[in-house]
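Coordinates as given in data.json (JSON, C-alpha atoms):
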[["chain", "number", "residue", "atom", "x", "y", "z"],
["A", 1, "MET", "CA", -7.90, -2.66, -11.48],
["A", 2, "LYS", "CA", -10.67, -0.66, -13.15],
["A", 3, "GLU", "CA", -9.74, 2.90, -14.10],
["A", 4, "PHE", "CA", -11.74, 5.56, -12.25],
["A", 5, "LYS", "CA", -11.93, 9.22, -13.19],
["A", 6, "PRO", "CA", -13.04, 11.73, -10.53],
["A", 7, "PHE", "CA", -16.28, 13.54, -11.26],
["A", 8, "THR", "CA", -18.45, 16.35, -9.88],
["A", 9, "ILE", "CA", -22.18, 16.14, -9.18],
["A", 10, "GLU", "CA", -24.44, 19.19, -8.87],
["A", 11, "ARG", "CA", -27.00, 19.23, -6.05],
["A", 12, "PRO", "CA", -29.48, 21.94, -5.01],
["A", 13, "TRP", "CA", -27.21, 22.84, -2.08],
["A", 14, "GLY", "CA", -23.99, 22.94, -4.16],
["A", 15, "THR", "CA", -21.67, 20.22, -5.52],
["A", 16, "PHE", "CA", -19.61, 17.26, -4.44],
["A", 17, "ARG", "CA", -16.48, 15.86, -6.05],
["A", 18, "GLN", "CA", -16.13, 12.08, -5.90],
["A", 19, "LEU", "CA", -12.47, 11.08, -5.94],
["A", 20, "THR", "CA", -12.65, 7.29, -5.48],
["A", 21, "HIS", "CA", -15.35, 4.63, -5.71],
["A", 22, "ASN", "CA", -15.17, 1.21, -4.07],
["A", 23, "SER", "CA", -11.40, 1.26, -4.37],
["A", 24, "LEU", "CA", -8.59, 0.31, -2.07],
["A", 25, "SER", "CA", -7.02, 3.72, -1.65],
["A", 26, "THR", "CA", -4.55, 5.64, 0.51],
["A", 27, "VAL", "CA", -4.94, 9.39, 1.01],
["A", 28, "LYS", "CA", -2.04, 11.68, 1.92],
["A", 29, "LEU", "CA", -1.64, 15.43, 2.34],
["A", 30, "HIS", "CA", 1.75, 16.62, 1.02],
["A", 31, "ARG", "CA", 3.43, 19.93, 1.80],
["A", 32, "ILE", "CA", 6.40, 20.62, -0.48],
["A", 33, "LYS", "CA", 8.71, 23.40, 0.69],
["A", 34, "PRO", "CA", 9.22, 26.43, -1.59],
["A", 35, "GLY", "CA", 11.59, 25.58, -4.45],
["A", 36, "GLU", "CA", 11.88, 21.89, -3.47],
["A", 37, "LYS", "CA", 10.98, 18.87, -5.60],
["A", 38, "THR", "CA", 10.21, 15.21, -5.18],
["A", 39, "SER", "CA", 12.04, 12.35, -6.85],
["A", 40, "TRP", "CA", 11.52, 11.59, -10.53],
["A", 41, "GLN", "CA", 9.75, 8.31, -9.75],
["A", 42, "SER", "CA", 7.19, 5.66, -10.67],
["A", 43, "HIS", "CA", 5.15, 2.95, -8.93],
["A", 44, "THR", "CA", 4.36, -0.59, -10.13],
["A", 45, "ARG", "CA", 1.28, -1.32, -8.01],
["A", 46, "ARG", "CA", -0.64, 1.94, -7.73],
["A", 47, "SER", "CA", -1.93, 4.90, -9.68],
["A", 48, "GLU", "CA", -2.11, 8.36, -8.14],
["A", 49, "PHE", "CA", -4.56, 11.27, -8.35],
["A", 50, "TRP", "CA", -3.58, 14.71, -7.06],
["A", 51, "HIS", "CA", -5.65, 17.75, -6.09],
["A", 52, "ILE", "CA", -3.73, 20.99, -5.58],
["A", 53, "VAL", "CA", -4.90, 22.58, -2.33],
["A", 54, "GLU", "CA", -2.61, 25.58, -2.05],
["A", 55, "GLY", "CA", 0.39, 27.22, -3.67],
["A", 56, "SER", "CA", 1.74, 26.70, -7.15],
["A", 57, "GLY", "CA", 4.42, 24.81, -9.00],
["A", 58, "ILE", "CA", 4.96, 22.23, -11.70],
["A", 59, "ILE", "CA", 3.74, 18.67, -11.97],
["A", 60, "ARG", "CA", 5.59, 16.50, -14.44],
["A", 61, "VAL", "CA", 4.03, 13.25, -15.70],
["A", 62, "GLU", "CA", 6.13, 11.35, -18.24],
["A", 63, "ASP", "CA", 7.11, 13.91, -20.93],
["A", 64, "LYS", "CA", 4.49, 16.56, -20.00],
["A", 65, "GLU", "CA", 4.84, 19.45, -17.57],
["A", 66, "TYR", "CA", 1.89, 21.32, -16.09],
["A", 67, "ASN", "CA", 2.00, 24.67, -14.30],
["A", 68, "VAL", "CA", -0.35, 24.07, -11.39],
["A", 69, "VAL", "CA", -2.32, 26.27, -8.99],
["A", 70, "SER", "CA", -4.93, 25.70, -6.31],
["A", 71, "GLY", "CA", -7.88, 23.66, -7.60],
["A", 72, "ASP", "CA", -6.01, 21.87, -10.39],
["A", 73, "GLU", "CA", -6.14, 18.07, -10.62],
["A", 74, "TYR", "CA", -3.80, 15.60, -12.31],
["A", 75, "ASP", "CA", -3.07, 11.90, -12.21],
["A", 76, "ALA", "CA", -0.41, 9.35, -13.00],
["A", 77, "PRO", "CA", -1.38, 5.82, -14.06],
["A", 78, "VAL", "CA", 0.49, 2.77, -12.78],
["A", 79, "GLY", "CA", 4.07, 2.87, -14.07],
["A", 80, "ALA", "CA", 4.08, 6.55, -15.15],
["A", 81, "LYS", "CA", 7.15, 8.58, -14.16],
["A", 82, "HIS", "CA", 6.21, 11.71, -12.22],
["A", 83, "ARG", "CA", 7.38, 14.46, -9.85],
["A", 84, "TRP", "CA", 6.15, 17.62, -8.12],
["A", 85, "ILE", "CA", 8.11, 20.87, -8.04],
["A", 86, "ALA", "CA", 7.00, 23.62, -5.65],
["A", 87, "GLY", "CA", 6.92, 27.27, -6.63],
["A", 88, "GLU", "CA", 8.04, 30.23, -4.53],
["A", 89, "SER", "CA", 5.24, 29.83, -1.97],
["A", 90, "GLY", "CA", 5.41, 26.04, -1.74],
["A", 91, "LEU", "CA", 2.86, 23.47, -2.84],
["A", 92, "VAL", "CA", 0.18, 21.63, -0.86],
["A", 93, "LEU", "CA", -1.62, 18.74, -2.48],
["A", 94, "ILE", "CA", -3.81, 15.79, -1.63],
["A", 95, "GLU", "CA", -2.68, 12.47, -3.11],
["A", 96, "ILE", "CA", -5.10, 9.59, -3.53],
["A", 97, "ALA", "CA", -3.21, 6.42, -4.35],
["A", 98, "ILE", "CA", -5.36, 3.63, -5.78],
["A", 99, "GLY", "CA", -4.09, 0.07, -5.67],
["A", 100, "ASP", "CA", -1.69, -1.79, -3.43],
["A", 101, "PHE", "CA", -0.04, 1.02, -1.45],
["A", 102, "ASP", "CA", 3.45, 0.38, -0.13],
["A", 103, "GLU", "CA", 6.06, 3.09, 0.56],
["A", 104, "GLU", "CA", 8.66, 0.69, -0.85],
["A", 105, "ASP", "CA", 6.87, 0.64, -4.25],
["A", 106, "ILE", "CA", 8.96, 3.52, -5.55],
["A", 107, "THR", "CA", 11.46, 3.37, -8.38],
["A", 108, "ARG", "CA", 13.55, 6.55, -8.28],
["A", 109, "TYR", "CA", 15.24, 7.65, -11.51],
["A", 110, "GLU", "CA", 16.63, 10.96, -10.23],
["A", 111, "ASP", "CA", 16.65, 12.49, -6.75],
["A", 112, "LYS", "CA", 18.44, 15.60, -5.49],
["A", 113, "TYR", "CA", 18.62, 14.08, -1.99],
["A", 114, "GLY", "CA", 20.72, 11.05, -3.03],
["A", 115, "ARG", "CA", 17.97, 8.41, -2.78],
["A", 116, "ALA", "CA", 18.02, 7.29, -6.44]]
So, in terms of structure tokens, how does the structure I just supplied come out?
Amino acid sequence: MKEFKPFTIERPWGTFRQLTHNSLSTVKLHRIKPGEKTSWQSHTRRSEFWHIVEGSGIIRVEDKEYNVVSGDEYDAPVGAKHRWIAGESGLVLIEIAIGDFDEEDITRYEDKYGRA
């Protein structure tokens, strides 16, 4: 699978942001409740790109943590451990998964809801 990095193009009327190109992808809108967090997890058959729509929080990818706000963008390559942690107002993000998407393609290393 060829690596793709999102990019922005200027036009006379404004801009557009291209998020995928000729890729098998799955797009999801996530709403994480205030103070909640997802599993510390990885995937073997897909990479993920995230665009923060609303709210704030922390995104952790491998050994790096990022304080995120609306407009920020991050990604996790295939196999990278990652999680999202919502701030006080919650966190809304768009996920674009590129590759063979399957909800069962999740390895959980830690999960506060007992799914690991």
Practice problem: Tell me which protein, DNA and RNA residues are within 12 Å of stretch 50-56 of chain A, counting only C-alpha atoms, leaving out same-chain ones fewer than 3 positions away, and put them as an NGL selection string. | Solution: :A and (5-6 or 17-20 or 26-36 or 47 or 59-61 or 66-77 or 82-98)
Please produce a file of the residues just selected, as a compact mmCIF listing (two decimals), in the frame of the given file, where the atoms kept are C-alpha atoms.
# COMPACT_ATOMS: atom_id res chain seq x y z
CA LYS A 5 -11.93 9.22 -13.19
CA PRO A 6 -13.04 11.73 -10.53
CA ARG A 17 -16.48 15.86 -6.05
CA GLN A 18 -16.13 12.08 -5.90
CA LEU A 19 -12.47 11.08 -5.94
CA THR A 20 -12.65 7.29 -5.48
CA THR A 26 -4.55 5.64 0.51
CA VAL A 27 -4.94 9.39 1.01
CA LYS A 28 -2.04 11.68 1.92
CA LEU A 29 -1.64 15.43 2.34
CA HIS A 30 1.75 16.62 1.02
CA ARG A 31 3.43 19.93 1.80
CA ILE A 32 6.40 20.62 -0.48
CA LYS A 33 8.71 23.40 0.69
CA PRO A 34 9.22 26.43 -1.59
CA GLY A 35 11.59 25.58 -4.45
CA GLU A 36 11.88 21.89 -3.47
CA SER A 47 -1.93 4.90 -9.68
CA ILE A 59 3.74 18.67 -11.97
CA ARG A 60 5.59 16.50 -14.44
CA VAL A 61 4.03 13.25 -15.70
CA TYR A 66 1.89 21.32 -16.09
CA ASN A 67 2.00 24.67 -14.30
CA VAL A 68 -0.35 24.07 -11.39
CA VAL A 69 -2.32 26.27 -8.99
CA SER A 70 -4.93 25.70 -6.31
CA GLY A 71 -7.88 23.66 -7.60
CA ASP A 72 -6.01 21.87 -10.39
CA GLU A 73 -6.14 18.07 -10.62
CA TYR A 74 -3.80 15.60 -12.31
CA ASP A 75 -3.07 11.90 -12.21
CA ALA A 76 -0.41 9.35 -13.00
CA PRO A 77 -1.38 5.82 -14.06
CA HIS A 82 6.21 11.71 -12.22
CA ARG A 83 7.38 14.46 -9.85
CA TRP A 84 6.15 17.62 -8.12
CA ILE A 85 8.11 20.87 -8.04
CA ALA A 86 7.00 23.62 -5.65
CA GLY A 87 6.92 27.27 -6.63
CA GLU A 88 8.04 30.23 -4.53
CA SER A 89 5.24 29.83 -1.97
CA GLY A 90 5.41 26.04 -1.74
CA LEU A 91 2.86 23.47 -2.84
CA VAL A 92 0.18 21.63 -0.86
CA LEU A 93 -1.62 18.74 -2.48
CA ILE A 94 -3.81 15.79 -1.63
CA GLU A 95 -2.68 12.47 -3.11
CA ILE A 96 -5.10 9.59 -3.53
CA ALA A 97 -3.21 6.42 -4.35
CA ILE A 98 -5.36 3.63 -5.78
Quiz prompt | Residue nearest A:Ala80 - candidates A:Arg108, A:Arg115, A:His43, A:Arg11, atoms counted: all atoms listed in the file | solution = A:His43
Exercise. Please tell me which residues are no farther than 8 Å from (4.7, 3.7, -9.7) in the file, counting only C-alpha atoms, and write them as a ChimeraX atom specification.
Key: /A:41-47,77-81,105-107
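Interatomic distance, atom CA of A:Phe7 against atom CA of A:His21: 10.5 Å.
Across A:Phe16, A:Glu48, A:Asp111, A:Thr38, the tightest approach to A:Glu3 is made by A:Glu48 when counting all atoms listed in the file.
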Box time for stretch 30-38 of chain A: axis-aligned, enclosing all its listed atoms, 6 Å extra on each side; report centre and edge lengths in Å to one decimal, as AutoDock Vina command-line options.
--center_x 6.8 --center_y 20.8 --center_z -1.9 --size_x 22.1 --size_y 23.2 --size_z 19.4
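Our summary of the geometry notes that atom CA of A:Ser39 is positioned 24.4 Å from atom CA of A:Leu24.
Picture a line from atom CA of A:Ser25 to atom CA of A:Lys37; it runs 23.9 Å.
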